[in-house]
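Enquirer: Structure file my_file.pdb (PDB, C-alpha atoms) right here:
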ATOM      1  CA  MET F   1      87.311  88.065 121.227
ATOM      2  CA  SER F   2      89.583  87.141 118.288
ATOM      3  CA  LYS F   3      92.273  84.562 118.817
ATOM      4  CA  ARG F   4      95.837  85.805 118.386
ATOM      5  CA  LYS F   5      97.725  84.185 115.537
ATOM      6  CA  SER F   6     100.481  81.892 116.741
ATOM      7  CA  GLY F   7     102.734  82.165 113.675
ATOM      8  CA  CYS F   8     105.345  84.739 112.662
ATOM      9  CA  ASN F   9     104.873  88.000 110.804
ATOM     10  CA  ILE F  10     107.432  87.641 108.025
ATOM     11  CA  HIS F  11     107.590  89.590 104.781
ATOM     12  CA  GLY F  12     109.122  88.535 101.498
ATOM     13  CA  ILE F  13     108.831  86.494  98.309
ATOM     14  CA  LEU F  14     109.988  82.921  97.942
ATOM     15  CA  LEU F  15     110.465  81.214  94.578
ATOM     16  CA  LEU F  16     109.189  77.650  94.750
ATOM     17  CA  ASP F  17     109.834  74.961  92.143
ATOM     18  CA  LYS F  18     106.445  73.279  92.441
ATOM     19  CA  ARG F  19     106.492  69.525  92.080
ATOM     20  CA  LEU F  20     104.163  67.427  89.953
ATOM     21  CA  GLY F  21     100.799  66.354  91.309
ATOM     22  CA  VAL F  22     100.093  68.973  93.986
ATOM     23  CA  SER F  23      97.852  72.017  93.773
ATOM     24  CA  SER F  24      99.354  75.467  94.118
ATOM     25  CA  ASN F  25      97.469  75.984  97.364
ATOM     26  CA  LYS F  26      98.789  72.749  98.877
ATOM     27  CA  ALA F  27     102.331  73.709  97.850
ATOM     28  CA  LEU F  28     101.805  77.133  99.443
ATOM     29  CA  GLN F  29     100.591  75.657 102.727
ATOM     30  CA  GLU F  30     103.572  73.272 102.887
ATOM     31  CA  VAL F  31     106.014  76.165 102.594
ATOM     32  CA  ARG F  32     103.955  78.329 104.921
ATOM     33  CA  ARG F  33     104.278  75.700 107.654
ATOM     34  CA  LEU F  34     108.067  75.599 107.210
ATOM     35  CA  PHE F  35     108.207  79.346 107.836
ATOM     36  CA  ASN F  36     105.443  79.276 110.457
ATOM     37  CA  ALA F  37     104.099  82.322 108.629
ATOM     38  CA  ASN F  38     100.856  84.044 109.558
ATOM     39  CA  LYS F  39      99.966  85.327 106.097
ATOM     40  CA  ALA F  40     100.798  83.888 102.684
ATOM     41  CA  GLY F  41      99.531  83.748  99.105
ATOM     42  CA  HIS F  42     100.668  82.748  95.630
ATOM     43  CA  THR F  43     100.792  84.748  92.403
ATOM     44  CA  GLY F  44      98.693  82.792  89.956
ATOM     45  CA  SER F  45      98.148  79.086  90.335
ATOM     46  CA  LEU F  46      99.742  76.222  88.466
ATOM     47  CA  ASP F  47      97.641  73.145  87.722
ATOM     48  CA  PRO F  48      98.612  69.941  89.590
ATOM     49  CA  LEU F  49      99.897  68.641  86.239
ATOM     50  CA  ALA F  50     102.270  71.602  85.926
ATOM     51  CA  THR F  51     105.637  71.974  87.613
ATOM     52  CA  GLY F  52     108.022  74.872  87.943
ATOM     53  CA  LEU F  53     108.171  78.443  89.114
ATOM     54  CA  LEU F  54     105.559  79.498  91.661
ATOM     55  CA  PRO F  55     106.351  82.779  93.472
ATOM     56  CA  LEU F  56     104.959  82.717  97.015
ATOM     57  CA  CYS F  57     104.267  85.938  98.915
ATOM     58  CA  PHE F  58     104.464  86.219 102.702
ATOM     59  CA  GLY F  59     103.158  88.987 104.946
ATOM     60  CA  GLU F  60     103.242  92.408 103.314
ATOM     61  CA  ALA F  61     104.399  90.861 100.041
ATOM     62  CA  THR F  62     100.808  89.707  99.518
ATOM     63  CA  LYS F  63     100.050  93.356  98.731
ATOM     64  CA  VAL F  64     102.126  93.112  95.541
ATOM     65  CA  SER F  65     100.886  89.661  94.502
ATOM     66  CA  ALA F  66      98.053  91.155  92.424
ATOM     67  CA  LEU F  67     100.595  93.231  90.476
ATOM     68  CA  MET F  68     102.637  90.095  89.782
ATOM     69  CA  LEU F  69      99.597  88.432  88.202
ATOM     70  CA  ASP F  70     100.070  90.840  85.285
ATOM     71  CA  ASP F  71     103.603  89.590  84.588
ATOM     72  CA  ASN F  72     104.531  87.821  81.372
ATOM     73  CA  LYS F  73     105.295  84.115  81.742
ATOM     74  CA  ARG F  74     107.493  81.540  80.009
ATOM     75  CA  TYR F  75     106.575  77.857  79.794
ATOM     76  CA  GLN F  76     107.912  74.673  78.293
ATOM     77  CA  VAL F  77     105.072  72.451  77.155
ATOM     78  CA  VAL F  78     104.854  68.976  75.621
ATOM     79  CA  ILE F  79     101.767  68.622  73.405
ATOM     80  CA  GLN F  80     100.317  65.170  72.760
ATOM     81  CA  LEU F  81      98.920  65.286  69.227
ATOM     82  CA  GLY F  82      95.924  63.246  68.110
ATOM     83  CA  VAL F  83      94.297  63.213  71.549
ATOM     84  CA  MET F  84      91.646  65.554  72.930
ATOM     85  CA  THR F  85      90.491  65.530  76.562
ATOM     86  CA  ASP F  86      87.745  67.349  78.413
ATOM     87  CA  THR F  87      90.266  69.300  80.509
ATOM     88  CA  GLY F  88      92.813  70.056  77.793
ATOM     89  CA  ASP F  89      95.528  68.026  79.527
ATOM     90  CA  ARG F  90      96.397  64.383  80.063
ATOM     91  CA  GLU F  91      94.639  64.282  83.446
ATOM     92  CA  GLY F  92      91.254  64.641  81.749
ATOM     93  CA  THR F  93      88.979  62.106  80.116
ATOM     94  CA  VAL F  94      89.743  61.376  76.466
ATOM     95  CA  ILE F  95      86.817  62.614  74.366
ATOM     96  CA  GLU F  96      88.254  62.125  70.874
ATOM     97  CA  THR F  97      91.276  60.715  69.077
ATOM     98  CA  LYS F  98      92.454  61.359  65.539
ATOM     99  CA  PRO F  99      95.336  60.035  63.437
ATOM    100  CA  VAL F 100      98.330  62.366  63.366
ATOM    101  CA  PRO F 101      99.232  63.380  59.805
ATOM    102  CA  GLU F 102     102.810  63.155  58.609
ATOM    103  CA  LEU F 103     104.279  66.500  59.613
ATOM    104  CA  SER F 104     107.591  68.096  58.780
ATOM    105  CA  ILE F 105     109.426  70.639  60.886
ATOM    106  CA  ASP F 106     108.524  73.239  58.249
ATOM    107  CA  ASP F 107     104.824  72.327  58.521
ATOM    108  CA  ILE F 108     104.915  72.821  62.270
ATOM    109  CA  GLN F 109     106.917  76.056  62.081
ATOM    110  CA  ALA F 110     104.414  77.495  59.607
ATOM    111  CA  CYS F 111     101.593  76.621  61.988
ATOM    112  CA  LEU F 112     103.339  78.214  64.972
ATOM    113  CA  GLU F 113     103.920  81.436  63.048
ATOM    114  CA  LYS F 114     100.139  81.859  62.765
ATOM    115  CA  PHE F 115      99.854  81.826  66.548
ATOM    116  CA  THR F 116     102.762  84.186  67.239
ATOM    117  CA  GLY F 117     101.865  87.760  68.202
ATOM    118  CA  GLU F 118      98.460  89.022  69.277
ATOM    119  CA  ILE F 119      95.708  86.430  68.987
ATOM    120  CA  ASP F 120      92.203  85.856  70.331
ATOM    121  CA  GLN F 121      91.927  82.866  72.660
ATOM    122  CA  VAL F 122      88.804  81.283  74.107
ATOM    123  CA  PRO F 123      89.412  80.281  77.769
ATOM    124  CA  PRO F 124      88.841  76.591  78.582
ATOM    125  CA  MET F 125      85.819  75.369  80.528
ATOM    126  CA  TYR F 126      88.204  73.932  83.099
ATOM    127  CA  SER F 127      89.345  77.326  84.416
ATOM    128  CA  ALA F 128      88.704  79.510  87.453
ATOM    129  CA  LEU F 129      86.902  82.178  85.425
ATOM    130  CA  LYS F 130      83.367  82.790  86.622
ATOM    131  CA  HIS F 131      80.000  82.650  84.897
ATOM    132  CA  ASN F 132      77.057  84.064  86.870
ATOM    133  CA  GLY F 133      79.092  83.817  90.060
ATOM    134  CA  LYS F 134      80.137  80.195  89.555
ATOM    135  CA  LYS F 135      83.595  79.026  88.480
ATOM    136  CA  LEU F 136      83.723  77.477  85.024
ATOM    137  CA  TYR F 137      85.427  74.309  86.228
ATOM    138  CA  GLU F 138      82.562  73.755  88.671
ATOM    139  CA  LEU F 139      80.105  73.934  85.787
ATOM    140  CA  ALA F 140      82.336  71.676  83.698
ATOM    141  CA  ARG F 141      82.346  69.037  86.438
ATOM    142  CA  GLU F 142      78.547  69.135  86.312
ATOM    143  CA  GLY F 143      78.746  68.361  82.606
ATOM    144  CA  LYS F 144      77.746  71.881  81.599
ATOM    145  CA  THR F 145      79.286  74.035  78.895
ATOM    146  CA  VAL F 146      78.737  77.786  78.581
ATOM    147  CA  GLU F 147      79.796  80.217  75.892
ATOM    148  CA  ARG F 148      83.063  81.997  76.686
ATOM    149  CA  LYS F 149      84.194  85.227  75.086
ATOM    150  CA  ALA F 150      87.536  85.197  73.337
ATOM    151  CA  ARG F 151      90.226  87.266  75.025
ATOM    152  CA  ARG F 152      93.138  89.096  73.423
ATOM    153  CA  ILE F 153      96.507  87.654  74.450
ATOM    154  CA  THR F 154     100.057  87.963  73.126
ATOM    155  CA  LEU F 155     102.467  85.150  72.338
ATOM    156  CA  PHE F 156     105.776  87.013  72.216
ATOM    157  CA  GLU F 157     107.760  83.869  71.372
ATOM    158  CA  LEU F 158     106.605  80.431  70.262
ATOM    159  CA  LYS F 159     109.618  78.220  69.600
ATOM    160  CA  LEU F 160     109.659  74.597  68.505
ATOM    161  CA  LEU F 161     112.157  72.652  70.600
ATOM    162  CA  THR F 162     111.477  69.333  68.859
ATOM    163  CA  ASP F 163     114.058  68.599  66.147
ATOM    164  CA  SER F 164     113.760  66.325  63.107
ATOM    165  CA  LYS F 165     115.173  63.294  64.906
ATOM    166  CA  ALA F 166     112.813  63.649  67.863
ATOM    167  CA  LEU F 167     109.857  64.191  65.505
ATOM    168  CA  ALA F 168     110.728  61.009  63.598
ATOM    169  CA  GLU F 169     110.922  59.022  66.848
ATOM    170  CA  GLN F 170     107.735  60.496  68.363
ATOM    171  CA  PRO F 171     105.657  62.095  65.586
ATOM    172  CA  ASP F 172     102.730  62.601  67.970
ATOM    173  CA  GLN F 173     104.612  64.849  70.444
ATOM    174  CA  LEU F 174     105.780  68.439  70.174
ATOM    175  CA  THR F 175     107.848  70.363  72.724
ATOM    176  CA  LEU F 176     107.437  74.140  72.656
ATOM    177  CA  ASP F 177     108.916  77.137  74.443
ATOM    178  CA  VAL F 178     106.120  79.663  75.028
ATOM    179  CA  PHE F 179     106.696  83.257  76.181
ATOM    180  CA  CYS F 180     103.279  84.832  76.679
ATOM    181  CA  SER F 181     101.237  87.614  78.239
ATOM    182  CA  LYS F 182      98.995  87.308  81.272
ATOM    183  CA  GLY F 183      95.730  85.474  80.719
ATOM    184  CA  THR F 184      97.200  82.900  78.340
ATOM    185  CA  TYR F 185      95.907  79.362  78.791
ATOM    186  CA  ILE F 186      98.504  76.867  77.600
ATOM    187  CA  ARG F 187      95.870  74.104  77.507
ATOM    188  CA  SER F 188      93.795  76.138  75.037
ATOM    189  CA  LEU F 189      96.919  76.888  73.013
ATOM    190  CA  ALA F 190      97.778  73.173  72.827
ATOM    191  CA  GLU F 191      94.260  72.368  71.645
ATOM    192  CA  ASP F 192      94.258  75.161  69.058
ATOM    193  CA  ILE F 193      97.657  74.173  67.656
ATOM    194  CA  GLY F 194      96.516  70.554  67.485
ATOM    195  CA  HIS F 195      93.362  71.533  65.594
ATOM    196  CA  ALA F 196      95.409  73.714  63.208
ATOM    197  CA  LEU F 197      97.607  70.676  62.481
ATOM    198  CA  GLY F 198      94.499  68.621  61.710
ATOM    199  CA  CYS F 199      94.555  66.184  64.604
ATOM    200  CA  GLY F 200      93.805  67.962  67.875
ATOM    201  CA  GLY F 201      96.070  67.968  70.896
ATOM    202  CA  THR F 202      96.314  68.081  74.661
ATOM    203  CA  VAL F 203      98.948  69.051  77.227
ATOM    204  CA  LYS F 204     101.118  66.117  78.292
ATOM    205  CA  GLU F 205     103.705  68.036  80.335
ATOM    206  CA  LEU F 206     103.933  71.682  81.428
ATOM    207  CA  ARG F 207     106.661  73.540  83.268
ATOM    208  CA  ARG F 208     106.792  77.260  84.104
ATOM    209  CA  LEU F 209     110.275  78.703  83.641
ATOM    210  CA  GLU F 210     109.770  82.440  84.156
ATOM    211  CA  ALA F 211     107.294  84.812  85.801
ATOM    212  CA  GLY F 212     108.123  88.470  85.290
ATOM    213  CA  GLN F 213     111.702  89.074  86.396
ATOM    214  CA  PHE F 214     111.898  85.762  88.301
ATOM    215  CA  THR F 215     113.338  82.544  86.814
ATOM    216  CA  ILE F 216     113.275  78.859  87.701
ATOM    217  CA  GLU F 217     117.057  78.870  88.244
ATOM    218  CA  ASN F 218     116.554  80.718  91.531
ATOM    219  CA  ALA F 219     113.676  78.557  92.772
ATOM    220  CA  LYS F 220     113.863  75.942  95.540
ATOM    221  CA  THR F 221     112.054  72.624  95.774
ATOM    222  CA  ILE F 222     110.073  71.708  98.880
ATOM    223  CA  GLU F 223     112.716  69.066  99.646
ATOM    224  CA  GLN F 224     115.480  71.683  99.579
ATOM    225  CA  LEU F 225     113.498  74.009 101.812
ATOM    226  CA  ALA F 226     112.605  71.263 104.290
ATOM    227  CA  ALA F 227     116.294  70.460 104.740
ATOM    228  CA  MET F 228     117.147  74.057 105.738
ATOM    229  CA  ASP F 229     117.357  75.560 109.207
ATOM    230  CA  GLN F 230     115.245  78.626 110.007
ATOM    231  CA  GLN F 231     117.993  81.130 109.223
ATOM    232  CA  SER F 232     118.693  79.558 105.820
ATOM    233  CA  LEU F 233     114.985  79.669 105.028
ATOM    234  CA  PHE F 234     114.804  83.394 105.726
ATOM    235  CA  GLU F 235     117.862  83.967 103.526
ATOM    236  CA  CYS F 236     115.808  82.595 100.605
ATOM    237  CA  LEU F 237     113.274  85.407 100.906
ATOM    238  CA  ILE F 238     113.348  88.144  98.272
ATOM    239  CA  ASN F 239     112.578  91.733  99.301
ATOM    240  CA  VAL F 240     108.937  92.773  99.025
ATOM    241  CA  ASP F 241     109.784  95.702  96.738
ATOM    242  CA  LYS F 242     111.763  93.606  94.220
ATOM    243  CA  PRO F 243     108.838  93.284  91.745
ATOM    244  CA  LEU F 244     108.367  97.066  91.884
ATOM    245  CA  GLU F 245     111.866  98.049  90.734
ATOM    246  CA  ALA F 246     110.600  99.565  87.487
ATOM    247  CA  LEU F 247     108.798 102.286  89.460
ATOM    248  CA  PRO F 248     110.679 105.500  90.371
ATOM    249  CA  ALA F 249     111.745 105.804  94.022
ATOM    250  CA  VAL F 250     111.610 108.713  96.445
ATOM    251  CA  GLN F 251     113.427 109.060  99.779
ATOM    252  CA  LEU F 252     111.489 110.585 102.640
ATOM    253  CA  SER F 253     112.787 112.166 105.835
ATOM    254  CA  ASP F 254     111.681 110.937 109.258
ATOM    255  CA  GLU F 255     109.211 113.827 109.471
ATOM    256  CA  GLN F 256     107.817 113.139 106.000
ATOM    257  CA  THR F 257     107.533 109.444 106.830
ATOM    258  CA  ILE F 258     105.349 110.207 109.827
ATOM    259  CA  CYS F 259     103.079 112.360 107.661
ATOM    260  CA  ILE F 260     102.762 109.641 105.030
ATOM    261  CA  LYS F 261     101.969 107.004 107.663
ATOM    262  CA  TYR F 262      99.144 109.235 108.897
ATOM    263  CA  GLY F 263      97.751 109.385 105.366
ATOM    264  CA  GLN F 264      98.831 112.970 104.678
ATOM    265  CA  SER F 265     100.026 114.257 101.300
ATOM    266  CA  LEU F 266     103.426 115.921 100.896
ATOM    267  CA  ASN F 267     104.506 118.853  98.758
ATOM    268  CA  LEU F 268     107.904 117.598  97.559
ATOM    269  CA  SER F 269     108.750 120.854  95.789
ATOM    270  CA  LEU F 270     109.174 122.470  99.213
ATOM    271  CA  VAL F 271     111.856 119.974 100.245
ATOM    272  CA  GLY F 272     114.458 120.512  97.549
ATOM    273  CA  ASP F 273     116.520 117.346  98.023
ATOM    274  CA  ALA F 274     117.833 115.431  95.029
ATOM    275  CA  ALA F 275     115.691 112.344  95.618
ATOM    276  CA  SER F 276     112.530 114.406  95.666
ATOM    277  CA  GLU F 277     113.516 116.540  92.680
ATOM    278  CA  SER F 278     113.910 113.393  90.586
ATOM    279  CA  VAL F 279     110.213 112.541  90.884
ATOM    280  CA  GLU F 280     108.408 115.825  91.624
ATOM    281  CA  ASN F 281     107.781 116.493  87.924
ATOM    282  CA  GLN F 282     106.478 112.977  87.303
ATOM    283  CA  GLN F 283     102.988 111.602  87.676
ATOM    284  CA  GLY F 284     101.927 108.125  88.682
ATOM    285  CA  THR F 285     102.967 105.510  91.193
ATOM    286  CA  VAL F 286     106.319 105.697  93.010
ATOM    287  CA  ARG F 287     108.118 103.655  95.659
ATOM    288  CA  MET F 288     108.638 105.414  98.995
ATOM    289  CA  TYR F 289     111.578 104.809 101.341
ATOM    290  CA  ASN F 290     112.916 106.074 104.635
ATOM    291  CA  ASP F 291     116.624 105.263 104.283
ATOM    292  CA  ALA F 292     116.604 101.524 103.411
ATOM    293  CA  VAL F 293     113.122 100.867 104.798
ATOM    294  CA  PHE F 294     110.434 100.374 102.160
ATOM    295  CA  LEU F 295     107.345 102.337 103.202
ATOM    296  CA  GLY F 296     105.028 101.454 100.348
ATOM    297  CA  LEU F 297     103.587 103.014  97.208
ATOM    298  CA  GLY F 298     102.679 106.640  96.688
ATOM    299  CA  GLU F 299     100.974 108.590  93.939
ATOM    300  CA  MET F 300     102.554 111.664  92.370
ATOM    301  CA  LEU F 301      99.686 114.053  91.626
ATOM    302  CA  MET F 302      99.392 116.738  88.964
ATOM    303  CA  ASP F 303      99.969 119.483  91.536
ATOM    304  CA  GLY F 304     103.376 117.995  92.478
ATOM    305  CA  LYS F 305     102.163 116.493  95.737
ATOM    306  CA  LEU F 306     102.894 112.971  96.882
ATOM    307  CA  ALA F 307      99.907 111.086  98.303
ATOM    308  CA  PRO F 308     100.136 107.725 100.082
ATOM    309  CA  LYS F 309      98.588 104.944  97.998
ATOM    310  CA  LYS F 310      99.448 101.626  99.661
ATOM    311  CA  LEU F 311     101.479 101.505 102.866
ATOM    312  CA  PHE F 312     103.560  98.550 104.075
ATOM    313  CA  ASN F 313     104.485  97.564 107.621
ATOM    314  CA  MET F 314     107.833  95.816 107.240
ATOM    315  CA  SER F 315     108.598  94.723 110.805
ATOM    316  CA  ASN F 316     109.729  91.090 110.794
ATOM    317  CA  GLU F 317     109.367  88.491 113.536
ATOM    318  CA  LEU F 318     112.043  85.906 112.893
ATOM    319  CA  ALA F 319     111.552  83.904 116.064
TER     320      ALA F 319
END
Could you rewrite the structure in this file as structure tokens?
Expert:
Amino acid sequence: MSKRKSGCNIHGILLLDKRLGVSSNKALQEVRRLFNANKAGHTGSLDPLATGLLPLCFGEATKVSALMLDDNKRYQVVIQLGVMTDTGDREGTVIETKPVPELSIDDIQACLEKFTGEIDQVPPMYSALKHNGKKLYELAREGKTVERKARRITLFELKLLTDSKALAEQPDQLTLDVFCSKGTYIRSLAEDIGHALGCGGTVKELRRLEAGQFTIENAKTIEQLAAMDQQSLFECLINVDKPLEALPAVQLSDEQTICIKYGQSLNLSLVGDAASESVENQQGTVRMYNDAVFLGLGEMLMDGKLAPKKLFNMSNELA
């Protein structure tokens, strides 16, 4: 007989400003305990070295977490030039050092331009990608290296934040603003830029500023959350359907809602209301609502029917 969960069924997204030195999973569990939530997950981990925006999904929001993994991200990174480590960041073991050549701002800008746009990037050994069922970082810790296929990524923006004065004071450090597609490894980017500049490089500091439509300005630290009462905590939650706003929406009647919840398809052309008419000629995924209640995702088929795709149970337990 399964044991009943003692926590609360809550649904929503919380934006955490992850602190330095903790894993994403540890940060998730800390916040989960504050909410006493039964079900929680994060949307793409940040290394312990990294700080910044980490969207956390609770309850039914975990059903959209996979979609959020595809979001573009923005980071601010400090690259330590002349140093190479086995992990690609300052937490790793130094494997090589090289003198840093005298670089001008123009030299660096010219280098960054070569990395802007679509490029092929080889994932690092210290990553969660799998090889023959085993994570690469597990193999790396065993001292093993395997061949990794390059993957196509996009660097939409690659801006140098270091000015001439800062470069003169610390010629071995570069600060960059990176706006990139999913699948981008900033550690690999730091290494590749360092190699292109003739001296190698590794990540010294990394902070995530944006993930999809969410920004660090709206995130809370664990200290801020811990100081809140339960009601204030729940007010920090973002609606489950917020990341899905780009999808068209359809309103369903009470009768239609029952049909959808039983897994039945609907012929919207027979209804004739404005909300249905706005999507009946479309194909693809749509959001479904009954008044203000988010029901889940449906699929508009070629024959004009609406089929349930992923249903959500949005009842909250705030006690």
Enquirer: So which one's closest to Gln213 in chain F, F:Pro243, F:Gly143, F:Gly200, F:Pro248? Using only C-alpha atoms, please.
Expert: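 Answer, going by the shortest atom-to-atom distance: F:Pro243.
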Enquirer: Hey, what's within 12 Å of Leu189 in chain F if we count all atoms listed in the file and toss same-chain stuff fewer than 6 positions away? As a PyMOL selection string, please?
Expert: chain F and resi 75+77-79+88-89+111-112+114-116+119-124+153-155+158+176+178+180+183+195-196+200-203
Enquirer: Could you write those residues out with C-alpha atoms, as a PDB file, in the frame of the given file?
Expert:
ATOM      1  CA  TYR F  75     106.575  77.857  79.794  1.00  0.00           C
ATOM      2  CA  VAL F  77     105.072  72.451  77.155  1.00  0.00           C
ATOM      3  CA  VAL F  78     104.854  68.976  75.621  1.00  0.00           C
ATOM      4  CA  ILE F  79     101.767  68.622  73.405  1.00  0.00           C
ATOM      5  CA  GLY F  88      92.813  70.056  77.793  1.00  0.00           C
ATOM      6  CA  ASP F  89      95.528  68.026  79.527  1.00  0.00           C
ATOM      7  CA  CYS F 111     101.593  76.621  61.988  1.00  0.00           C
ATOM      8  CA  LEU F 112     103.339  78.214  64.972  1.00  0.00           C
ATOM      9  CA  LYS F 114     100.139  81.859  62.765  1.00  0.00           C
ATOM     10  CA  PHE F 115      99.854  81.826  66.548  1.00  0.00           C
ATOM     11  CA  THR F 116     102.762  84.186  67.239  1.00  0.00           C
ATOM     12  CA  ILE F 119      95.708  86.430  68.987  1.00  0.00           C
ATOM     13  CA  ASP F 120      92.203  85.856  70.331  1.00  0.00           C
ATOM     14  CA  GLN F 121      91.927  82.866  72.660  1.00  0.00           C
ATOM     15  CA  VAL F 122      88.804  81.283  74.107  1.00  0.00           C
ATOM     16  CA  PRO F 123      89.412  80.281  77.769  1.00  0.00           C
ATOM     17  CA  PRO F 124      88.841  76.591  78.582  1.00  0.00           C
ATOM     18  CA  ILE F 153      96.507  87.654  74.450  1.00  0.00           C
ATOM     19  CA  THR F 154     100.057  87.963  73.126  1.00  0.00           C
ATOM     20  CA  LEU F 155     102.467  85.150  72.338  1.00  0.00           C
ATOM     21  CA  LEU F 158     106.605  80.431  70.262  1.00  0.00           C
ATOM     22  CA  LEU F 176     107.437  74.140  72.656  1.00  0.00           C
ATOM     23  CA  VAL F 178     106.120  79.663  75.028  1.00  0.00           C
ATOM     24  CA  CYS F 180     103.279  84.832  76.679  1.00  0.00           C
ATOM     25  CA  GLY F 183      95.730  85.474  80.719  1.00  0.00           C
ATOM     26  CA  HIS F 195      93.362  71.533  65.594  1.00  0.00           C
ATOM     27  CA  ALA F 196      95.409  73.714  63.208  1.00  0.00           C
ATOM     28  CA  GLY F 200      93.805  67.962  67.875  1.00  0.00           C
ATOM     29  CA  GLY F 201      96.070  67.968  70.896  1.00  0.00           C
ATOM     30  CA  THR F 202      96.314  68.081  74.661  1.00  0.00           C
ATOM     31  CA  VAL F 203      98.948  69.051  77.227  1.00  0.00           C
TER      32      VAL F 203
END
Enquirer: Just so the selection is clear, what residues does the PyMOL selection byres ((chain F and resi 84) around 10) cover here, as an mmCIF file with C-alpha atoms, in the coordinates of the input?
Expert:
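The new file out_7.cif reads:
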data_model
loop_
_atom_site.group_PDB
_atom_site.id
_atom_site.type_symbol
_atom_site.label_atom_id
_atom_site.label_comp_id
_atom_site.auth_asym_id
_atom_site.auth_seq_id
_atom_site.Cartn_x
_atom_site.Cartn_y
_atom_site.Cartn_z
ATOM 1 C CA GLN F 80 100.317 65.170 72.760
ATOM 2 C CA LEU F 81 98.920 65.286 69.227
ATOM 3 C CA GLY F 82 95.924 63.246 68.110
ATOM 4 C CA VAL F 83 94.297 63.213 71.549
ATOM 5 C CA THR F 85 90.491 65.530 76.562
ATOM 6 C CA ASP F 86 87.745 67.349 78.413
ATOM 7 C CA THR F 87 90.266 69.300 80.509
ATOM 8 C CA GLY F 88 92.813 70.056 77.793
ATOM 9 C CA ASP F 89 95.528 68.026 79.527
ATOM 10 C CA ARG F 90 96.397 64.383 80.063
ATOM 11 C CA GLY F 92 91.254 64.641 81.749
ATOM 12 C CA THR F 93 88.979 62.106 80.116
ATOM 13 C CA VAL F 94 89.743 61.376 76.466
ATOM 14 C CA ILE F 95 86.817 62.614 74.366
ATOM 15 C CA GLU F 96 88.254 62.125 70.874
ATOM 16 C CA THR F 97 91.276 60.715 69.077
ATOM 17 C CA LYS F 98 92.454 61.359 65.539
ATOM 18 C CA ALA F 190 97.778 73.173 72.827
ATOM 19 C CA GLU F 191 94.260 72.368 71.645
ATOM 20 C CA GLY F 194 96.516 70.554 67.485
ATOM 21 C CA HIS F 195 93.362 71.533 65.594
ATOM 22 C CA CYS F 199 94.555 66.184 64.604
ATOM 23 C CA GLY F 200 93.805 67.962 67.875
ATOM 24 C CA GLY F 201 96.070 67.968 70.896
ATOM 25 C CA THR F 202 96.314 68.081 74.661
ATOM 26 C CA VAL F 203 98.948 69.051 77.227
#
Enquirer: Could you give me, as an MDAnalysis selection string, the residues within 10 Å of Leu49 in chain F, counting all atoms listed in the file and dropping anything in the same chain fewer than 5 positions from it?
Expert: chainID F and resid 19:23 89:91 203:207
Enquirer: Can you tell me, as number ranges by chain, which residues sit within 10 Å of (116.0, 76.7, 88.2) in the file's frame, using all atoms listed in the file?
Expert: F: 15-17, 52-53, 209-210, 214-221
Enquirer: Ranking F:Ala61, F:Cys259, F:Val286, F:Leu161 by minimum distance to Asn313 in chain F and counting all atoms listed in the file, which one comes first?
Expert: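 The shortest atom-to-atom distance to Asn313 in chain F comes from F:Ala61.
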Enquirer: If you measure from CA of Gln256 in chain F to CA of Asn290 in chain F, what distance in Å do you get, rounded to one decimal?
Expert: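 Between CA of Gln256 in chain F and CA of Asn290 in chain F the gap works out to 8.8 Å.
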Enquirer: May I ask which of the residues F:Ile238, F:Ala50, F:Met288, F:Ala150 is the closest one to Ile186 in chain F, counting all atoms listed in the file?
Expert: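 Closest to Ile186 in chain F, using all atoms listed in the file: F:Ala50.
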Enquirer: Quick one: distance from CA of Lys26 in chain F to CA of Thr175 in chain F in Å, one decimal?
Expert: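 Distance reported for this atom pair: 27.8 Å.
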